[in-house]
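**Student:** Next up is a structure, given as structure tokens.
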Amino acid sequence: MDEKNCQRVCEMLSSYIDEELSKEDCKNLEEHMASCQTCTLFYKKLSTTVKLSRKLECSDCYEMPNDVREKLREFLKKECKCEK
Ligand SMILES: [Zn+2]
């Protein structure tokens, strides 16, 4: 699997989780993940984190502070092995 694909998949994953991708993009992404373990693992981590952070943001009694949100973003960036 070539690295350009992985990088593209990484960039598209957050939109994929938000269901903002076109059907064609979804299909390409799913096809790539079916044959790429790195991206599948990253997707699993990302979706868990995104869902968790949404849950926290949605809750009335908890608002995520900006610095925590920022750290989360940095963490995700580091986790993405597809970046150079
Ligand atoms: Zn990949």
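Ligands are numbered from 1 in the order shown, chains are lettered A, B, ... in the order of the structure tokens, and residues start at 1 in each chain.
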Please identify all protein, DNA and RNA residues within 7 Å of ligand 1, counting only C-alpha atoms and all ligand atoms, and report them as an NGL selection string.
**Tutor:** :A and (1 or 3 or 5-6 or 9 or 32-33 or 36-39)
**Student:** Would you mind exporting the chosen residues as a compact mmCIF listing (two decimals), in the first residue's frame, restricted to N, CA and C atoms?
**Tutor:**
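Listed below is the output, out.txt:
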```txt
# COMPACT_ATOMS: atom_id res chain seq x y z
N MET A 1 0.85 -1.20 0.00
CA MET A 1 0.00 0.00 0.00
C MET A 1 0.89 1.25 0.00
N GLU A 3 2.22 5.11 0.47
CA GLU A 3 2.05 6.03 1.59
C GLU A 3 1.14 7.21 1.28
N ASN A 5 -1.64 7.15 -0.26
CA ASN A 5 -2.99 6.73 0.08
C ASN A 5 -3.24 6.84 1.58
N CYS A 6 -2.29 6.37 2.36
CA CYS A 6 -2.43 6.40 3.81
C CYS A 6 -2.58 7.84 4.30
N VAL A 9 -6.01 9.03 3.45
CA VAL A 9 -7.00 8.40 4.32
C VAL A 9 -7.01 9.07 5.68
N HIS A 32 -9.56 1.01 1.17
CA HIS A 32 -8.18 1.15 1.62
C HIS A 32 -7.99 0.52 3.00
N MET A 33 -8.93 0.81 3.90
CA MET A 33 -8.79 0.28 5.26
C MET A 33 -8.87 -1.24 5.28
N CYS A 36 -5.36 -2.16 4.73
CA CYS A 36 -4.30 -1.43 5.43
C CYS A 36 -4.58 -1.41 6.92
N GLN A 37 -3.76 -2.15 7.66
CA GLN A 37 -3.98 -2.27 9.09
C GLN A 37 -3.67 -0.97 9.82
N THR A 38 -2.66 -0.25 9.34
CA THR A 38 -2.28 1.00 9.99
C THR A 38 -3.46 1.97 10.03
N CYS A 39 -4.11 2.12 8.90
CA CYS A 39 -5.22 3.06 8.83
C CYS A 39 -6.43 2.56 9.61
```
**Student:** Please provide the set of residues having any atom within 8 Å of Leu46 in chain A, restricted to only C-alpha atoms, with same-chain residues fewer than 4 positions apart removed, written as a PDB file with C-alpha atoms, in the first residue's frame.
**Tutor:**
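Done, and the output landed in around.pdb:
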```pdb
ATOM      1  CA  SER A  14     -12.351  12.838  10.620  1.00  0.00           C
ATOM      2  CA  PHE A  42      -5.857   4.709  13.436  1.00  0.00           C
ATOM      3  CA  VAL A  50     -13.970  11.605  18.741  1.00  0.00           C
ATOM      4  CA  LEU A  76      -4.217  12.629  17.405  1.00  0.00           C
TER       5      LEU A  76
END
```
**Student:** Determine which residues of range 12-69 of chain A receive a DSSP assignment of alpha helix (DSSP H), computed from the backbone, and state them as a ChimeraX atom specification.
**Tutor:** /A:12-17,23-35,37-58,66-69
